[in-house]
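The structure appears below as structure tokens.
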Amino acid sequence: MFLLKCLPLVALIAAAFSANPGVKIRLTQKGLEYGRQLGVASLLEKLKTAQIPDFSGKERVSPIGKVQYSLTNIHIVNLGLPQSSINLVPGSGVQLSISNAFINLRGNWRVKYLRIIKDSGSLDVNVNGLSISQTIAIKSDATGKPEASSAACSASVSSAKVKFHGGASWLYNLFSKFIDKALRKALEKQMCPLVAKSIADLNPRLKTLNVLAKVDKYAEIEYSMVSSPQISQPAIDLNLKGEFYNIGRHQEAPFPAPAFSLPAQSSNMIYIALSSFTPNSAGFVYNNAGVLSMYVTDDMIPRSSPIRLSTSTFGFFIPQIAQRFPNLMMKMLVKADKNPVVKFQPNVMTVDATATATAYAIQPNGTLSPLFVLNVDSSVSSQMSVSDLKLASRITLNKMSLSLGTSYVGDFKVNSLDNILQVILKLVVIPTVNVQLSKGYPLPALGKMKLVNTQLQIMQDYLMIGTDVQFTG
């Protein structure tokens, strides 16, 4: 049914555990309308499977007296849903309404009267004014995935007109009004159970929600629901955990998710908003995994660069290095000292990182001789992009400052190394990081969902993705 096609957009719903979400999703009326359009065909196909039971009865018909009849093999040959709508019921759920639907049926009839006279033929039934009103509730199952159920349903049929063909049809049409009423009641009983079954059939599709999505061999992100959906007249707001975890070890981040709210926008079908909590939890996870570090060697620096990772280059700024370790290649370990901090401000995303850079001279036998340890405070800006249901980014260096942590070669002016460290960061470290960031991480999604007309906005304390959707299966 068309609501069922719409519900995957709503499917990120529910149950209650914590305070603020890391991710919010808003489904707008435009999204609901798209679901309605998609689902009309599904509802038509489902209603065509309605089984009208055989039934029989007795009626007194003038002038022949009591007539026994039976109607069999009644099946739908045509069905139309000219009017349908989907509406939000604040605090309750989603309401599907169908009105002025029509159904054409065909079947067989048999009659017996005056004890010995039997007759048979075919019949046509025109059903008009079929109306269905269905409220659907969404909740979370035990795993944090959405589950749909029928909350309330009513169905009515304005008229069912029977026309007999064959035999003495002219005679039996005289008592068709009795058949009309019986058929109308039979159809009304079929509608709500059929809709309820359609809702239940939706749940396997809803279970495709990536509640726990793998990012890489180190991390996964959880999109379970942390509260019930907030249903108001203009939209449905859904609250997701939106937290990164180390694979196999779910340790909560040592900072809370901040509260934030979405602006009143409705030009797209859905809005996905990620607070700074989500990328900051990623920084916590990757730092815990020990992967926010890398060794930089000279062969990683482009040959066109005049800056080389050697004691000759560094000795020009720190003479004692060239004196004690002449003509040796060097290696530098760049390692995060703290969790990086992501900040969202209007139109700007920045990441503040505190790291250490430990320089070593590589002895002829491969032994590493420590030279110094620098404290590196840097700020980078990030450009975000969405592709294939993943959020990716690319960073560029804004500024950097150095201070001396430890020196194994005596005192030296730290600011003399600014240019060298900037070259290492810009030509080696940041490009390496960007390769990983370009792979992106999964956004919340259901089944074969595709994002179209996607726009990114960086707001105060959160990033918002406005997008339309297409379901391809």
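Within each chain, counting starts at residue 1; across the structure tokens, chains are named A, B, ... in the order shown, with ligands numbered 1 upward in that order.
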
Can you build me a table of range 112-142 of chain A residues sitting at most 10 Å from range 77-81 of chain A, with the closest atom pair per residue and its distance in Å to one decimal, using only C-alpha atoms, sorted by chain and residue number, as CSV?
```
residue,atom,partner,partner_atom,distance
A:Asp124,CA,A:Val77,CA,9.7
A:Val125,CA,A:Val77,CA,9.9
A:Asn126,CA,A:Asn78,CA,9.6
A:Val127,CA,A:Leu79,CA,9.3
A:Asn128,CA,A:Gly80,CA,9.8
A:Leu130,CA,A:Leu81,CA,8.9
A:Ser131,CA,A:Leu81,CA,9.6
```

For the structure I just gave you, how does DSSP split range 132-272 of chain A - specifically, which residues are strand (DSSP E or B)? Reply as JSON, numbers by chain. {"A": [132, 133, 134, 135, 136, 137, 138, 139, 140, 146, 147, 148, 149, 150, 151, 152, 153, 154, 155, 156, 157, 158, 159, 160, 161, 162, 163, 164, 165, 212, 213, 214, 219, 220, 221, 222, 225, 230, 231, 235, 236, 237, 238, 239, 240, 243, 244, 245, 246, 249, 270, 271, 272]}

Extract, using only C-alpha atoms, all DNA, RNA and protein residues at most 9 Å from Ala155 in chain A, discarding same-chain residues fewer than 2 positions from it, and format them as a PyMOL selection string. chain A and resi 130-134+153+157+187-192

Residues within 8 Å of range 373-383 of chain A, please, as a PyMOL selection string. Count only C-alpha atoms; anything in the same chain fewer than 5 positions from it doesn't count. chain A and resi 348-359+393-407

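Atom to atom, CA of Lys413 in chain A and CA of Leu371 in chain A stand 14.0 Å apart.
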
Which residue, A:Ala282, A:Ile117, A:Val215, A:Leu88, has the smallest gap to Glu243 in chain A when you use only C-alpha atoms? A:Ala282

If we count only C-alpha atoms, what is near Met329 in chain A at a cut-off of 10 Å, once residues fewer than 2 positions away on the same chain are taken out, given as number ranges by chain? A: 297-298, 308-313, 325-327, 331, 360-364

Compare A:Met464, A:Val23, A:Leu123, A:Val291 by their minimum atom-to-atom distance to Glu222 in chain A, counting only C-alpha atoms, and give me the closest one.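 Closest candidate: A:Val23.
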